[in-house]
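Asker: This is the content of protein.txt (compact mmCIF, C-alpha atoms):
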# COMPACT_ATOMS: atom_id res chain seq x y z
CA MET M 1 0.00 0.00 0.00
CA ALA M 2 1.23 3.45 -0.90
CA PHE M 3 -0.24 5.44 1.99
CA LYS M 4 0.48 4.84 5.67
CA PHE M 5 -3.18 5.19 6.72
CA GLU M 6 -4.15 2.28 4.45
CA ASN M 7 -2.37 -0.04 6.89
CA LEU M 8 -4.51 1.05 9.85
CA ASN M 9 -7.21 -1.44 10.82
CA ILE M 10 -9.40 1.38 12.08
CA TRP M 11 -9.26 3.01 8.65
CA LYS M 12 -10.08 -0.29 6.90
CA GLU M 13 -13.01 -0.93 9.25
CA SER M 14 -14.37 2.58 8.79
CA VAL M 15 -14.16 2.35 4.98
CA GLU M 16 -16.08 -0.94 5.10
CA PHE M 17 -18.60 0.63 7.47
CA ALA M 18 -19.17 3.55 5.07
CA ASN M 19 -19.70 1.09 2.23
CA GLU M 20 -22.32 -0.75 4.31
CA VAL M 21 -24.05 2.54 5.12
CA TYR M 22 -24.23 3.38 1.39
CA ILE M 23 -25.82 -0.01 0.73
CA LEU M 24 -28.27 0.52 3.59
CA THR M 25 -29.39 3.97 2.47
CA LYS M 26 -30.24 2.68 -1.02
CA SER M 27 -33.40 1.25 0.57
CA PHE M 28 -34.47 4.62 2.03
CA PRO M 29 -37.29 6.53 0.30
CA GLU M 30 -36.23 8.72 -2.61
CA SER M 31 -37.69 11.71 -0.75
CA GLU M 32 -34.72 11.41 1.65
CA GLN M 33 -32.16 11.84 -1.17
CA PHE M 34 -31.10 15.25 0.13
CA GLY M 35 -32.00 14.56 3.75
CA LEU M 36 -31.12 11.50 5.78
CA ILE M 37 -29.47 9.65 2.88
CA SER M 38 -27.04 12.46 2.16
CA GLN M 39 -26.30 13.22 5.82
CA LEU M 40 -25.83 9.58 6.80
CA ASN M 41 -23.56 8.83 3.86
CA ARG M 42 -21.45 11.96 4.42
CA ALA M 43 -21.09 11.31 8.15
CA ALA M 44 -20.06 7.69 7.53
CA VAL M 45 -17.48 8.73 4.93
CA SER M 46 -16.14 11.41 7.25
CA ILE M 47 -14.96 8.80 9.76
CA SER M 48 -12.37 7.23 7.46
CA SER M 49 -11.58 10.53 5.71
CA ASN M 50 -10.55 12.18 8.96
CA ILE M 51 -8.41 9.20 9.96
CA ALA M 52 -6.62 9.46 6.61
CA GLU M 53 -6.21 13.22 6.86
CA GLY M 54 -4.93 13.03 10.42
CA GLU M 55 -2.45 10.30 9.55
CA GLY M 56 -1.04 12.58 6.88
CA ARG M 57 -0.16 15.21 9.46
CA ASN M 58 3.24 15.43 11.08
CA SER M 59 2.35 14.73 14.69
CA ASP M 60 0.37 12.47 16.97
CA SER M 61 -1.36 15.53 18.43
CA ASP M 62 -2.69 16.45 14.97
CA LEU M 63 -3.75 12.86 14.37
CA SER M 64 -5.47 12.80 17.75
CA ARG M 65 -7.45 15.93 16.80
CA PHE M 66 -8.67 14.23 13.61
CA ILE M 67 -9.57 11.08 15.56
CA HIS M 68 -11.77 13.33 17.74
CA ILE M 69 -13.46 14.59 14.58
CA SER M 70 -13.97 10.97 13.45
CA ILE M 71 -15.60 10.21 16.81
CA GLY M 72 -17.92 13.17 16.27
CA SER M 73 -18.85 11.88 12.82
CA LEU M 74 -19.57 8.44 14.28
CA ASN M 75 -21.81 10.05 16.90
CA GLU M 76 -23.62 11.83 14.06
CA VAL M 77 -24.14 8.45 12.33
CA VAL M 78 -25.64 7.00 15.53
CA THR M 79 -28.03 9.94 15.80
CA LEU M 80 -29.09 9.62 12.17
CA LEU M 81 -29.62 5.87 12.58
CA HIS M 82 -31.96 6.58 15.49
CA ILE M 83 -33.92 9.04 13.35
CA ALA M 84 -34.05 6.61 10.41
CA HIS M 85 -35.31 3.89 12.77
CA LYS M 86 -38.00 6.19 14.19
CA GLN M 87 -39.07 7.00 10.61
CA ASN M 88 -39.35 3.23 9.94
CA TYR M 89 -36.61 3.32 7.28
CA LEU M 90 -34.77 0.70 9.34
CA ASN M 91 -36.28 -2.30 11.06
CA GLN M 92 -35.12 -3.28 14.55
CA ASN M 93 -32.63 -5.88 13.27
CA GLU M 94 -31.01 -3.42 10.86
CA PHE M 95 -30.82 -0.76 13.54
CA SER M 96 -29.31 -3.17 16.08
CA SER M 97 -26.78 -4.48 13.59
CA PHE M 98 -25.57 -1.00 12.63
CA TYR M 99 -25.61 0.14 16.24
CA LYS M 100 -23.27 -2.73 17.16
CA LYS M 101 -20.97 -1.77 14.28
CA CYS M 102 -20.93 1.78 15.63
CA GLU M 103 -20.05 0.51 19.10
CA LYS M 104 -17.16 -1.49 17.66
CA LEU M 105 -15.85 1.50 15.69
CA SER M 106 -16.22 3.71 18.75
CA LYS M 107 -14.10 1.35 20.85
CA MET M 108 -11.48 1.22 18.12
CA LEU M 109 -11.38 5.02 17.77
CA TYR M 110 -11.12 5.63 21.51
CA SER M 111 -8.44 2.96 21.86
CA PHE M 112 -6.45 4.49 19.04
CA ARG M 113 -6.83 7.96 20.55
CA ASN M 114 -5.69 6.65 23.93
CA TYR M 115 -2.71 4.97 22.27
CA LEU M 116 -1.70 8.38 20.94
CA LYS M 117 -1.90 9.74 24.54
CA PHE M 118 -3.36 13.13 23.61
Is it possible to give me this structure as structure tokens?

Answerer:
Amino acid sequence: MAFKFENLNIWKESVEFANEVYILTKSFPESEQFGLISQLNRAAVSISSNIAEGEGRNSDSDLSRFIHISIGSLNEVVTLLHIAHKQNYLNQNEFSSFYKKCEKLSKMLYSFRNYLKF
């Protein structure tokens, strides 16, 4: 791999997560094209994008700041999943499955941030 961030498991997991979110939102109503679909997809993509951007910086403190942004994007995804579930765009099994994926990513992000010690 050509870029350092591509070797990070947290980056790989978050890219896969974003892909799964894109697949999920294809089943949402077309009326949500510029609402929940767009917001959910952008928030999911932001997780891995910020990891990559932070890894490209010259210090662990910069990387830690971008990990914090990734955590914020993940929290946004969780909020949007709750709203999608309340709107009946997700059934309980879908919601639970994605919620567990968010919990896993959250643990990975916090662990990585703690590893950086900032």

Asker: Mind checking which residues fall within 7 Å of stretch 94-110 of chain M, counting all atoms listed in the file, ignoring those fewer than 5 positions away in the same chain, and posting them as a PyMOL selection string?

Answerer: chain M and resi 10+67+71+74+78+81+85

Asker: Restrict the selected residues to C-alpha atoms and save them as a PDB file, in the frame of the given file.

Answerer:
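Contents of part02.pdb, freshly written:
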ATOM      1  CA  ILE M  10      -9.400   1.380  12.080  1.00  0.00           C
ATOM      2  CA  ILE M  67      -9.570  11.080  15.560  1.00  0.00           C
ATOM      3  CA  ILE M  71     -15.600  10.210  16.810  1.00  0.00           C
ATOM      4  CA  LEU M  74     -19.570   8.440  14.280  1.00  0.00           C
ATOM      5  CA  VAL M  78     -25.640   7.000  15.530  1.00  0.00           C
ATOM      6  CA  LEU M  81     -29.620   5.870  12.580  1.00  0.00           C
ATOM      7  CA  HIS M  85     -35.310   3.890  12.770  1.00  0.00           C
TER       8      HIS M  85
END

Asker: Could you tell me, as a PyMOL selection string, which residues have any atom at most 8 Å from (-9.2, 8.0, 6.3), counting only C-alpha atoms?

Answerer: chain M and resi 5-6+11+14-15+46-55

Asker: For a quick check of understanding, using only C-alpha atoms, which of M:Phe34, M:Leu63, M:Val45, M:Gln92 has the smallest distance to M:Lys12?

Answerer: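 Closest residue, counting only C-alpha atoms: M:Val45.
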
Asker: Rank nothing, just name the residue among M:Ser27, M:Asn9, M:Ser59, M:Gln33 nearest to M:Tyr89, using all atoms listed in the file.

Answerer: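 Looking at the shortest contact to M:Tyr89, the residue is M:Ser27.
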
Asker: One number please: atom CA of M:Ser70 to atom CA of M:Ile83, in Å, one decimal.

Answerer: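 Separating atom CA of M:Ser70 from atom CA of M:Ile83 is a distance of 20.0 Å.
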
Asker: For M:Phe17, which residue among M:Val77, M:Ile37, M:Ser61, M:Ile69 is the nearest when counting all atoms listed in the file?

Answerer: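 Distance minimum relative to M:Phe17 lands on M:Val77.
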
Asker: Ranking M:His68, M:Lys86, M:Lys4, M:Lys26 by minimum distance to M:Phe112 and counting all atoms listed in the file, which one comes first?

Answerer: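 Of all the options, M:His68 lies closest to M:Phe112.
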
Asker: Grab the atom CA of M:Ala44 to atom CA of M:Ser64 distance for me, in Å with one decimal place.

Answerer: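 That distance, rounded to one decimal, is 18.5 Å.
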
Asker: Can you work out which one of M:Leu8, M:His82, M:Asn41, M:Asn88 has the shortest atom-to-atom distance to M:Leu24, counting all atoms listed in the file?

Answerer: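 Counting all atoms listed in the file, the residue closest to M:Leu24 is M:Asn41.
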
Asker: Find the smallest box with edges along x, y and z containing every listed atom of stretch 98-108 of chain M, then add 5 Å on each side and report centre and edge lengths in Å to one decimal, as lines of an AutoDock Vina configuration file.

Answerer:
center_x = -18.5
center_y = 0.5
center_z = 16.7
size_x = 24.1
size_y = 16.4
size_z = 18.2

Asker: Quote the spacing between atom CA of M:Ser73 and atom CA of M:Asn7 in Å to one decimal place.

Answerer: 21.2 Å

Asker: Between M:Phe28, M:Tyr22, M:Phe3, M:Phe66, which has the minimum distance to M:Ala84 (counting all atoms listed in the file)?

Answerer: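 For M:Ala84, the nearest of the candidates is M:Phe28.
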
Asker: Give me the residues within 8 Å of M:Leu80 as a PDB file with C-alpha atoms, keeping the file's coordinate frame, counting all atoms listed in the file and dropping any in the same chain fewer than 4 places off.

Answerer:
ATOM      1  CA  LEU M  36     -31.120  11.500   5.780  1.00  0.00           C
ATOM      2  CA  GLN M  39     -26.300  13.220   5.820  1.00  0.00           C
ATOM      3  CA  LEU M  40     -25.830   9.580   6.800  1.00  0.00           C
ATOM      4  CA  GLU M  76     -23.620  11.830  14.060  1.00  0.00           C
ATOM      5  CA  ALA M  84     -34.050   6.610  10.410  1.00  0.00           C
TER       6      ALA M  84
END
